[in-house]
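Next up, input.tsv (TSV, C-alpha atoms):
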```tsv
chain	number	residue	atom	x	y	z
A	1	MET	CA	0.00	0.00	0.00
A	2	THR	CA	2.85	2.34	0.88
A	3	GLY	CA	4.45	1.72	-2.50
A	4	LYS	CA	1.22	2.51	-4.31
A	5	ARG	CA	0.76	5.69	-2.30
A	6	GLN	CA	4.29	6.75	-3.20
A	7	ASN	CA	3.59	6.10	-6.89
A	8	ILE	CA	0.44	8.21	-6.76
A	9	PHE	CA	2.34	11.19	-5.35
A	10	LYS	CA	5.46	10.59	-7.45
A	11	PRO	CA	4.43	13.09	-10.19
A	12	PHE	CA	4.68	15.89	-7.60
A	13	THR	CA	8.45	15.32	-7.42
A	14	ALA	CA	8.66	17.20	-10.72
A	15	LEU	CA	7.96	20.38	-8.73
A	16	LYS	CA	11.44	20.11	-7.21
A	17	ASN	CA	12.53	21.67	-10.48
A	18	LYS	CA	11.89	25.34	-9.66
A	19	LEU	CA	11.65	26.45	-13.29
A	20	PHE	CA	9.04	23.82	-14.10
A	21	ALA	CA	7.22	24.69	-10.86
A	22	ARG	CA	6.74	28.29	-12.02
A	23	LEU	CA	5.48	27.13	-15.40
A	24	TYR	CA	3.21	24.57	-13.75
A	25	PHE	CA	1.59	27.04	-11.34
A	26	ALA	CA	1.11	29.56	-14.15
A	27	GLN	CA	-0.72	26.94	-16.19
A	28	THR	CA	-2.74	25.80	-13.16
A	29	ILE	CA	-4.05	29.32	-12.52
A	30	SER	CA	-5.02	29.96	-16.13
A	31	LEU	CA	-6.62	26.49	-16.45
A	32	LEU	CA	-8.92	27.21	-13.52
A	33	GLY	CA	-9.99	30.39	-15.26
A	34	ASP	CA	-10.47	28.46	-18.53
A	35	ALA	CA	-12.88	26.08	-16.81
A	36	PHE	CA	-14.98	29.07	-15.80
A	37	THR	CA	-14.89	30.47	-19.33
A	38	TRP	CA	-16.14	27.33	-21.04
A	39	VAL	CA	-18.91	26.82	-18.54
A	40	GLY	CA	-19.84	30.46	-19.14
A	41	ILE	CA	-19.84	29.95	-22.91
A	42	ALA	CA	-22.10	26.90	-22.60
A	43	LEU	CA	-24.51	28.86	-20.40
A	44	LEU	CA	-24.45	31.81	-22.81
A	45	SER	CA	-25.29	29.40	-25.63
A	46	PHE	CA	-28.34	28.21	-23.71
A	47	GLU	CA	-29.26	31.83	-22.90
A	48	PHE	CA	-29.24	32.70	-26.60
A	49	GLY	CA	-30.66	29.45	-27.99
A	50	GLY	CA	-32.61	27.68	-25.24
A	51	THR	CA	-33.30	24.09	-26.21
A	52	HIS	CA	-31.56	24.78	-29.54
A	53	SER	CA	-28.31	25.55	-27.76
A	54	ALA	CA	-26.61	22.53	-29.39
A	55	LYS	CA	-26.47	24.37	-32.72
A	56	ILE	CA	-24.92	27.50	-31.18
A	57	LEU	CA	-22.48	25.62	-28.96
A	58	SER	CA	-21.36	23.24	-31.71
A	59	THR	CA	-20.77	26.18	-34.06
A	60	ALA	CA	-18.78	27.97	-31.36
A	61	LEU	CA	-16.67	24.88	-30.73
A	62	ILE	CA	-16.11	24.30	-34.45
A	63	LEU	CA	-14.82	27.88	-34.68
A	64	ARG	CA	-12.58	27.08	-31.72
A	65	VAL	CA	-10.97	24.10	-33.41
A	66	ALA	CA	-10.87	25.95	-36.75
A	67	ALA	CA	-8.50	28.42	-35.11
A	68	PHE	CA	-6.42	25.51	-33.82
A	69	ILE	CA	-6.31	23.82	-37.23
A	70	ILE	CA	-5.42	27.00	-39.13
A	71	PHE	CA	-2.82	28.34	-36.71
A	72	GLY	CA	-1.69	25.28	-34.72
A	73	THR	CA	0.98	24.06	-37.12
A	74	TYR	CA	2.39	27.57	-37.59
A	75	ALA	CA	2.45	27.94	-33.83
A	76	GLY	CA	4.49	24.76	-33.48
A	77	VAL	CA	7.09	26.02	-35.95
A	78	LEU	CA	7.29	29.38	-34.15
A	79	ALA	CA	7.82	27.53	-30.88
A	80	ASP	CA	10.96	25.98	-32.40
A	81	ARG	CA	12.23	29.30	-33.79
A	82	PHE	CA	11.46	31.98	-31.21
A	83	ASP	CA	11.57	32.49	-27.46
A	84	ARG	CA	8.83	30.26	-26.04
A	85	LYS	CA	8.69	32.41	-22.92
A	86	LYS	CA	7.73	35.51	-24.92
A	87	ILE	CA	5.17	33.52	-26.91
A	88	MET	CA	3.47	32.36	-23.69
A	89	ILE	CA	3.45	35.83	-22.12
A	90	ILE	CA	2.00	37.51	-25.23
A	91	THR	CA	-0.70	34.87	-25.60
A	92	HIS	CA	-1.68	35.25	-21.93
A	93	LEU	CA	-2.11	39.00	-22.32
A	94	GLY	CA	-4.11	38.56	-25.52
A	95	ARG	CA	-6.43	36.02	-23.93
A	96	MET	CA	-6.92	38.28	-20.90
A	97	LEU	CA	-8.23	41.09	-23.12
A	98	ILE	CA	-10.54	38.82	-25.09
A	99	VAL	CA	-12.01	36.97	-22.09
A	100	GLY	CA	-12.64	40.32	-20.42
A	101	SER	CA	-14.89	41.18	-23.38
A	102	PHE	CA	-17.27	38.22	-22.97
A	103	PRO	CA	-19.47	39.91	-20.32
A	104	PHE	CA	-20.43	42.53	-22.91
A	105	VAL	CA	-21.64	40.05	-25.56
A	106	HIS	CA	-25.32	40.45	-26.55
A	107	GLU	CA	-25.44	38.82	-29.98
A	108	VAL	CA	-24.52	35.30	-31.09
A	109	TRP	CA	-22.15	36.58	-33.78
A	110	GLN	CA	-20.19	38.48	-31.14
A	111	LEU	CA	-19.80	35.24	-29.20
A	112	TYR	CA	-18.48	33.52	-32.32
A	113	VAL	CA	-15.93	36.26	-33.09
A	114	LEU	CA	-14.54	36.31	-29.54
A	115	ILE	CA	-14.26	32.52	-29.40
A	116	PHE	CA	-12.33	32.44	-32.68
A	117	LEU	CA	-9.95	35.20	-31.54
A	118	LEU	CA	-9.47	33.60	-28.11
A	119	ASN	CA	-8.42	30.33	-29.64
A	120	ILE	CA	-5.99	31.89	-32.08
A	121	PHE	CA	-4.02	32.84	-28.98
A	122	ASN	CA	-4.65	29.39	-27.44
A	123	SER	CA	-3.27	27.72	-30.55
A	124	PHE	CA	0.02	29.62	-30.20
A	125	PHE	CA	0.26	29.02	-26.46
A	126	THR	CA	-0.25	25.26	-26.29
A	127	PRO	CA	2.63	23.99	-28.51
A	128	ALA	CA	5.01	26.45	-26.84
A	129	TYR	CA	3.92	25.25	-23.38
A	130	LYS	CA	4.18	21.54	-24.21
A	131	ALA	CA	7.56	21.94	-25.90
A	132	THR	CA	8.86	23.94	-22.92
A	133	ILE	CA	8.36	21.10	-20.43
A	134	PRO	CA	11.10	18.82	-21.84
A	135	GLN	CA	13.27	21.92	-22.30
A	136	LEU	CA	13.10	22.65	-18.57
A	137	ILE	CA	13.35	19.00	-17.49
A	138	SER	CA	16.09	16.92	-19.10
A	139	LYS	CA	15.80	13.61	-17.22
A	140	LYS	CA	13.38	11.20	-18.88
A	141	GLU	CA	11.80	9.97	-15.62
A	142	GLU	CA	11.33	13.50	-14.28
A	143	PHE	CA	9.84	14.55	-17.61
A	144	GLY	CA	7.31	11.72	-17.40
A	145	ASN	CA	6.33	12.86	-13.92
A	146	ALA	CA	5.93	16.43	-15.20
A	147	ILE	CA	3.67	15.29	-18.05
A	148	VAL	CA	1.53	13.21	-15.67
A	149	LEU	CA	1.26	16.09	-13.18
A	150	SER	CA	0.45	18.62	-15.90
A	151	ASN	CA	-2.28	16.44	-17.42
A	152	ALA	CA	-3.68	15.39	-14.06
A	153	THR	CA	-3.94	19.01	-12.94
A	154	TRP	CA	-5.70	19.92	-16.17
A	155	GLN	CA	-8.24	17.19	-15.44
A	156	LEU	CA	-8.52	18.07	-11.75
A	157	LEU	CA	-9.36	21.67	-12.56
A	158	GLY	CA	-11.92	20.30	-14.97
A	159	VAL	CA	-13.51	18.85	-11.81
A	160	LEU	CA	-13.30	21.98	-9.67
A	161	GLY	CA	-13.91	24.57	-12.36
A	162	PRO	CA	-17.35	23.56	-13.67
A	163	GLY	CA	-18.76	23.00	-10.20
A	164	LEU	CA	-17.45	26.32	-8.92
A	165	ALA	CA	-18.50	28.12	-12.09
A	166	GLY	CA	-22.04	26.75	-11.89
A	167	GLY	CA	-22.33	27.93	-8.29
A	168	MET	CA	-20.79	31.33	-9.00
A	169	ALA	CA	-23.05	31.84	-12.01
A	170	VAL	CA	-26.01	31.51	-9.64
A	171	LEU	CA	-24.51	33.76	-6.93
A	172	MET	CA	-22.76	36.42	-9.02
A	173	GLY	CA	-24.46	36.23	-12.39
A	174	LEU	CA	-23.40	34.42	-15.54
A	175	ARG	CA	-21.37	37.19	-17.16
A	176	GLN	CA	-19.32	38.09	-14.12
A	177	ILE	CA	-17.51	34.75	-14.07
A	178	PHE	CA	-15.54	35.78	-17.16
A	179	PHE	CA	-13.73	38.46	-15.16
A	180	PHE	CA	-12.23	35.70	-12.98
A	181	ASP	CA	-10.63	34.12	-16.03
A	182	ALA	CA	-9.27	37.48	-17.25
A	183	ALA	CA	-7.57	38.01	-13.89
A	184	SER	CA	-6.12	34.50	-13.96
A	185	PHE	CA	-4.26	35.22	-17.20
A	186	ILE	CA	-2.58	38.27	-15.63
A	187	VAL	CA	-1.29	36.25	-12.66
A	188	ALA	CA	-0.17	33.36	-14.89
A	189	GLY	CA	1.65	35.73	-17.24
A	190	ILE	CA	3.59	37.21	-14.32
A	191	LEU	CA	4.71	33.74	-13.18
A	192	ILE	CA	5.98	32.90	-16.67
A	193	PHE	CA	7.79	36.26	-16.81
A	194	LEU	CA	9.60	35.27	-13.59
A	195	ILE	CA	11.20	32.24	-15.29
A	196	PRO	CA	14.79	33.49	-15.72
A	197	GLY	CA	16.43	33.87	-19.12
A	198	ASN	CA	14.83	32.92	-22.39
A	199	LEU	CA	13.44	29.65	-23.76
A	200	ILE	CA	14.95	29.59	-27.23
A	201	VAL	CA	16.05	26.21	-28.60
A	202	LYS	CA	19.51	26.77	-30.07
A	203	ASN	CA	20.44	24.15	-32.62
A	204	GLU	CA	22.04	24.02	-36.03
A	205	ALA	CA	18.84	23.15	-37.87
A	206	THR	CA	17.04	26.14	-36.44
A	207	LEU	CA	19.89	28.50	-37.33
A	208	LYS	CA	19.98	27.25	-40.91
A	209	THR	CA	16.23	27.40	-41.46
A	210	GLY	CA	15.39	30.43	-39.40
A	211	SER	CA	13.68	32.38	-42.16
A	212	ILE	CA	9.92	32.68	-42.48
A	213	LYS	CA	10.02	31.33	-46.07
A	214	ASN	CA	10.98	27.90	-44.73
A	215	MET	CA	8.00	27.68	-42.39
A	216	GLY	CA	5.94	25.74	-44.95
A	217	THR	CA	8.63	23.07	-45.13
A	218	ASP	CA	8.77	22.84	-41.34
A	219	ILE	CA	4.98	22.53	-41.10
A	220	LEU	CA	5.00	19.61	-43.54
A	221	MET	CA	7.90	18.08	-41.62
A	222	GLY	CA	5.90	18.26	-38.38
A	223	THR	CA	3.03	16.35	-39.96
A	224	LYS	CA	5.42	13.86	-41.56
A	225	LEU	CA	7.11	13.16	-38.22
A	226	LEU	CA	3.69	12.84	-36.58
A	227	PHE	CA	2.52	10.13	-38.98
A	228	GLN	CA	5.90	8.44	-39.41
A	229	LYS	CA	5.82	6.33	-36.25
A	230	ARG	CA	3.14	3.65	-36.19
A	231	PRO	CA	2.35	3.92	-32.43
A	232	ILE	CA	1.90	7.71	-32.66
A	233	ARG	CA	-0.23	7.33	-35.80
A	234	PHE	CA	-2.51	4.77	-34.15
A	235	ALA	CA	-2.83	6.95	-31.04
A	236	LEU	CA	-3.84	9.91	-33.20
A	237	PHE	CA	-6.64	7.97	-34.88
A	238	ILE	CA	-7.84	6.68	-31.52
A	239	GLU	CA	-8.22	10.34	-30.57
A	240	LEU	CA	-10.73	10.65	-33.44
A	241	VAL	CA	-12.86	7.96	-31.75
A	242	ALA	CA	-12.70	9.84	-28.46
A	243	ALA	CA	-13.47	13.16	-30.17
A	244	ILE	CA	-16.70	11.85	-31.70
A	245	ALA	CA	-17.89	10.60	-28.31
A	246	GLY	CA	-16.45	13.48	-26.28
A	247	ALA	CA	-18.01	16.13	-28.50
A	248	GLN	CA	-21.45	14.72	-27.64
A	249	ILE	CA	-20.67	15.34	-23.97
A	250	LEU	CA	-19.40	18.89	-24.47
A	251	VAL	CA	-22.12	19.99	-26.91
A	252	ASN	CA	-25.26	18.16	-25.80
A	253	THR	CA	-25.02	17.82	-22.01
A	254	ILE	CA	-26.29	21.36	-21.41
A	255	GLY	CA	-29.32	20.93	-23.69
A	256	HIS	CA	-30.15	17.51	-22.26
A	257	LEU	CA	-29.97	18.63	-18.63
A	258	LYS	CA	-31.75	21.97	-18.96
A	259	GLY	CA	-34.02	21.21	-21.91
A	260	ASN	CA	-35.01	17.58	-21.35
A	261	LEU	CA	-34.48	17.03	-17.62
A	262	HIS	CA	-35.31	20.66	-16.65
A	263	LEU	CA	-32.38	20.93	-14.25
A	264	THR	CA	-30.29	23.96	-13.23
A	265	ASN	CA	-26.91	25.55	-13.98
A	266	VAL	CA	-25.55	23.97	-10.82
A	267	HIS	CA	-26.58	20.50	-12.03
A	268	TYR	CA	-24.76	21.18	-15.29
A	269	GLY	CA	-21.64	22.31	-13.44
A	270	TRP	CA	-21.51	19.19	-11.29
A	271	THR	CA	-22.26	16.88	-14.22
A	272	MET	CA	-19.28	18.25	-16.13
A	273	ALA	CA	-17.28	18.07	-12.91
A	274	ALA	CA	-18.04	14.32	-12.84
A	275	PHE	CA	-16.51	14.07	-16.31
A	276	GLY	CA	-13.43	15.78	-14.88
A	277	VAL	CA	-13.32	13.41	-11.89
A	278	GLY	CA	-12.92	10.43	-14.18
A	279	ALA	CA	-10.28	12.16	-16.27
A	280	THR	CA	-8.33	13.14	-13.14
A	281	ILE	CA	-8.35	9.58	-11.79
A	282	ALA	CA	-7.06	8.33	-15.14
A	283	ALA	CA	-4.31	10.95	-15.24
A	284	PHE	CA	-3.00	10.12	-11.76
A	285	THR	CA	-3.06	6.35	-12.43
A	286	THR	CA	-1.05	6.64	-15.64
A	287	ASN	CA	2.11	5.56	-13.79
A	288	PHE	CA	0.46	2.18	-13.11
A	289	VAL	CA	-0.86	1.43	-16.58
A	290	ASP	CA	1.18	3.44	-19.07
A	291	ARG	CA	4.09	1.08	-19.70
A	292	SER	CA	5.55	0.78	-23.18
A	293	LYS	CA	3.91	-2.56	-23.94
A	294	ASN	CA	0.54	-1.40	-22.62
A	295	LYS	CA	0.13	1.94	-24.39
A	296	THR	CA	-1.89	0.51	-27.29
A	297	ARG	CA	-4.07	-1.52	-24.94
A	298	ILE	CA	-4.81	1.53	-22.80
A	299	LEU	CA	-5.71	3.57	-25.89
A	300	ILE	CA	-8.23	0.94	-26.97
A	301	ILE	CA	-9.69	0.53	-23.47
A	302	GLY	CA	-10.03	4.29	-23.09
A	303	ALA	CA	-11.78	4.70	-26.44
A	304	ALA	CA	-14.16	1.84	-25.63
A	305	MET	CA	-14.97	3.32	-22.21
A	306	ILE	CA	-15.98	6.76	-23.47
A	307	SER	CA	-17.87	5.31	-26.45
A	308	LEU	CA	-19.89	2.90	-24.32
A	309	SER	CA	-20.48	5.41	-21.50
A	310	ILE	CA	-22.51	7.81	-23.62
A	311	GLY	CA	-24.70	5.11	-25.19
A	312	MET	CA	-27.38	5.09	-22.46
A	313	ALA	CA	-27.23	8.78	-21.55
A	314	ASN	CA	-30.57	9.69	-23.12
A	315	ILE	CA	-32.64	7.32	-21.00
A	316	VAL	CA	-30.97	7.20	-17.57
A	317	PRO	CA	-31.81	9.41	-14.54
A	318	TYR	CA	-29.52	12.25	-13.49
A	319	TRP	CA	-27.49	10.37	-10.87
A	320	VAL	CA	-26.74	7.53	-13.32
A	321	LEU	CA	-25.70	10.09	-15.94
A	322	VAL	CA	-23.21	11.52	-13.45
A	323	MET	CA	-21.69	8.06	-12.93
A	324	LEU	CA	-21.50	7.48	-16.69
A	325	TRP	CA	-19.72	10.79	-17.16
A	326	ILE	CA	-17.09	9.71	-14.62
A	327	LEU	CA	-16.40	6.61	-16.74
A	328	ALA	CA	-16.37	8.75	-19.88
A	329	GLY	CA	-13.79	11.03	-18.28
A	330	LEU	CA	-11.58	8.03	-17.53
A	331	GLY	CA	-11.78	6.97	-21.15
A	332	GLN	CA	-11.11	10.45	-22.50
A	333	SER	CA	-7.92	10.83	-20.49
A	334	TYR	CA	-6.62	7.38	-21.42
A	335	THR	CA	-6.99	8.21	-25.13
A	336	GLU	CA	-5.13	11.53	-24.92
A	337	MET	CA	-2.11	11.15	-22.64
A	338	PRO	CA	-0.18	8.40	-24.53
A	339	SER	CA	0.14	10.62	-27.62
A	340	GLN	CA	1.98	13.35	-25.74
A	341	ILE	CA	4.34	10.84	-24.12
A	342	LEU	CA	4.93	8.98	-27.40
A	343	ILE	CA	5.84	12.21	-29.20
A	344	ALA	CA	8.32	13.14	-26.47
A	345	GLU	CA	9.89	9.67	-26.56
A	346	ASN	CA	10.20	9.48	-30.35
A	347	THR	CA	11.06	13.06	-31.39
A	348	ASP	CA	14.23	15.13	-31.02
A	349	LEU	CA	13.93	18.12	-28.69
A	350	SER	CA	14.67	20.54	-31.54
A	351	GLN	CA	11.68	19.22	-33.53
A	352	GLN	CA	9.16	18.73	-30.75
A	353	GLY	CA	7.55	22.15	-31.17
A	354	ARG	CA	6.53	21.50	-34.77
A	355	VAL	CA	5.40	17.93	-34.00
A	356	TYR	CA	3.29	19.10	-31.05
A	357	GLY	CA	1.93	21.82	-33.31
A	358	ALA	CA	1.00	19.28	-35.98
A	359	HIS	CA	-0.57	17.02	-33.37
A	360	PHE	CA	-2.46	19.99	-31.95
A	361	ALA	CA	-3.88	20.81	-35.40
A	362	TRP	CA	-4.75	17.23	-36.40
A	363	SER	CA	-6.28	16.24	-33.08
A	364	HIS	CA	-8.47	19.34	-33.18
A	365	LEU	CA	-9.51	18.56	-36.74
A	366	TRP	CA	-10.96	15.37	-35.23
A	367	TRP	CA	-12.84	17.52	-32.71
A	368	ALA	CA	-14.20	19.66	-35.56
A	369	PHE	CA	-15.72	16.49	-37.03
A	370	GLY	CA	-17.02	15.51	-33.61
A	371	TYR	CA	-18.59	18.91	-32.92
A	372	LEU	CA	-20.28	18.91	-36.33
A	373	ILE	CA	-21.78	15.49	-35.67
A	374	ALA	CA	-22.83	16.52	-32.16
A	375	GLY	CA	-24.46	19.69	-33.44
A	376	VAL	CA	-26.46	17.81	-36.07
A	377	THR	CA	-27.54	15.03	-33.71
A	378	GLY	CA	-28.35	17.48	-30.90
A	379	THR	CA	-30.47	19.62	-33.23
A	380	TYR	CA	-32.30	16.99	-35.27
A	381	PHE	CA	-32.14	13.87	-33.08
A	382	ALA	CA	-32.38	15.48	-29.64
A	383	ARG	CA	-33.68	12.37	-27.88
A	384	ASN	CA	-31.08	9.98	-29.34
A	385	GLU	CA	-27.98	12.10	-29.89
A	386	PHE	CA	-25.82	10.26	-27.36
A	387	LEU	CA	-26.81	6.83	-28.71
A	388	ILE	CA	-25.92	7.88	-32.26
A	389	GLY	CA	-22.56	9.23	-31.11
A	390	SER	CA	-21.87	5.98	-29.28
A	391	VAL	CA	-22.62	3.83	-32.32
A	392	LEU	CA	-20.44	5.96	-34.61
A	393	SER	CA	-17.45	5.99	-32.26
A	394	LEU	CA	-17.64	2.27	-31.51
A	395	THR	CA	-17.87	1.43	-35.21
A	396	LEU	CA	-14.74	3.45	-35.94
A	397	LEU	CA	-12.90	1.86	-32.99
A	398	ILE	CA	-13.68	-1.65	-34.24
A	399	ALA	CA	-12.49	-0.71	-37.75
A	400	LEU	CA	-9.18	0.68	-36.40
A	401	CYS	CA	-8.55	-2.41	-34.29
A	402	MET	CA	-9.25	-4.75	-37.22
A	403	HIS	CA	-6.90	-2.73	-39.44
A	404	ARG	CA	-4.16	-2.89	-36.83
A	405	LEU	CA	-4.55	-6.65	-36.47
A	406	GLN	CA	-4.28	-7.11	-40.23
A	407	LYS	CA	-1.03	-5.11	-40.28
A	408	SER	CA	0.49	-7.03	-37.35
```

Just give me the structure as structure tokens.
Amino acid sequence: MTGKRQNIFKPFTALKNKLFARLYFAQTISLLGDAFTWVGIALLSFEFGGTHSAKILSTALILRVAAFIIFGTYAGVLADRFDRKKIMIITHLGRMLIVGSFPFVHEVWQLYVLIFLLNIFNSFFTPAYKATIPQLISKKEEFGNAIVLSNATWQLLGVLGPGLAGGMAVLMGLRQIFFFDAASFIVAGILIFLIPGNLIVKNEATLKTGSIKNMGTDILMGTKLLFQKRPIRFALFIELVAAIAGAQILVNTIGHLKGNLHLTNVHYGWTMAAFGVGATIAAFTTNFVDRSKNKTRILIIGAAMISLSIGMANIVPYWVLVMLWILAGLGQSYTEMPSQILIAENTDLSQQGRVYGAHFAWSHLWWAFGYLIAGVTGTYFARNEFLIGSVLSLTLLIALCMHRLQKS
């Protein structure tokens, strides 16, 4: 038991690295604010669209991933060429200004514009952040702990954020919760500023190809490296399965709870918190299950869990739905984490920015497909949307597994 307890807390040893600790706490603060923002956006969608909120929310989320797809690969190349510290600070300030504008939105088109702009900055921040972790932590074991801690915290704040946001929306008013997120970006930006020196990757390849005209070549190289390794390629396609199922949760939970079950904002907050509970448990147990020989197995199990969990969502009572969303969260986390670790293990440090950027763009293209499907099913098949999403994701999972077996 003592050994297991030590393994659970082992990821926290990464915080002994003071530089990573500053980066980690900066990300933790801004992630808590992000949780408030996305709960606020979902509630705004219901405010504007009522029971037709699925159409508004799916469109908003498609715009979100469109920004990631368009700018994500460029962002990865920039993360290999320029000071990652400056990139993260600038993107934090930009997001602070945009999030602070959400309380003044009164038309759906305004919501769409702000979401697209917000996620342009997000698309430049994420590859820089992910590529900075191995830059600050050189030892492979410590890097693994940092990845686990970073992902687990992201999931944990997915637990706390929605529940707190739902309660604060009732106490303070829906629009006021966006100001919390704006303030979080200021604090996080200061912490990143306090990391000494710069975060430029100095290598011969970067010096030779430092001009903007070579960015197109680097973008294609990032995608090539992403698809070159069979384990990374399989993990990426498993993320498509999870995106189809996960998009149903993100798009249609609000309409189902408030439109079909006639529940409150607080119920929505805690339901999404349940999704985060499962994802957090999965993240902190990665040290037990994420061994080299088990990565593929965990990917398949995770995809099956989230696909099966949403299948009965339309017909079960609220408390059962909460339990299903915990299982779905477990599955979602198990389909996402191996990709990040596999990229770090199979890619040179000098190329990780562009590979993370390519992965960021491709994985969010999957979410664009998922959000489109969720919007259509939530609008036209409102009593069976989760069942349809489950069937589609399971069918794709079976096809991927059969293809892998044939190639073995």

Pick out the residues sitting within 9 Å of segment 257-260 of chain A, and hand them over as a ChimeraX atom specification; count all atoms listed in the file, and ignore anything fewer than 3 positions along from it in its own chain.
/A:46,50-52,252-254,263-265,267-268,318,382-383

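Of the listed residues A:Ala66, A:Ala188, A:Ala35, A:Leu324, the one whose atoms come nearest to Thr91 of chain A is A:Ala188, with distances taken using all atoms listed in the file.
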
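Among the candidates A:Leu392, A:Val105, A:Ala146, A:Ile190, the one nearest to Ala304 of chain A when counting only C-alpha atoms is A:Leu392.
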
Pairwise distance, atom CA of Phe104 of chain A with atom CA of Ser58 of chain A, equals 21.2 Å

Mind dumping a table of every segment 319-362 of chain A residue within 12 Å of segment 225-240 of chain A, with the nearest atom pair and its distance in Å to one decimal, using only C-alpha atoms, sorted by chain and rising number, as a tab-separated table?
```
residue	atom	partner	partner_atom	distance
A:Gly331	CA	A:Glu239	CA	10.6
A:Gln332	CA	A:Glu239	CA	8.6
A:Ser333	CA	A:Glu239	CA	10.1
A:Tyr334	CA	A:Glu239	CA	9.7
A:Thr335	CA	A:Glu239	CA	6.0
A:Glu336	CA	A:Glu239	CA	6.5
A:Met337	CA	A:Ala235	CA	9.4
A:Pro338	CA	A:Ala235	CA	7.2
A:Ser339	CA	A:Ala235	CA	5.8
A:Gln340	CA	A:Ile232	CA	8.9
A:Ile341	CA	A:Ile232	CA	9.4
A:Leu342	CA	A:Ile232	CA	6.2
A:Ile343	CA	A:Ile232	CA	6.9
A:Ala344	CA	A:Ile232	CA	10.4
A:Glu345	CA	A:Ile232	CA	10.2
A:Asn346	CA	A:Lys229	CA	8.0
A:Thr347	CA	A:Leu225	CA	7.9
A:Asp348	CA	A:Leu225	CA	10.3
A:Gln351	CA	A:Leu225	CA	8.9
A:Gln352	CA	A:Leu225	CA	9.5
A:Gly353	CA	A:Leu225	CA	11.4
A:Arg354	CA	A:Leu225	CA	9.0
A:Val355	CA	A:Leu226	CA	6.0
A:Tyr356	CA	A:Leu226	CA	8.4
A:Gly357	CA	A:Leu226	CA	9.7
A:Ala358	CA	A:Leu226	CA	7.0
A:His359	CA	A:Leu226	CA	6.8
A:Phe360	CA	A:Leu236	CA	10.3
A:Ala361	CA	A:Leu226	CA	11.1
A:Trp362	CA	A:Leu236	CA	8.0
```

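When all atoms listed in the file are used to compute distances to Met402 of chain A, the closest of the residues A:Ala21, A:Ile300, A:Leu387, A:Val320 turns out to be A:Ile300.
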
Counting all atoms listed in the file, the residue among A:Ser393, A:Ser53, A:Thr280, A:Thr377 that lies closest to Gly311 of chain A is A:Ser393
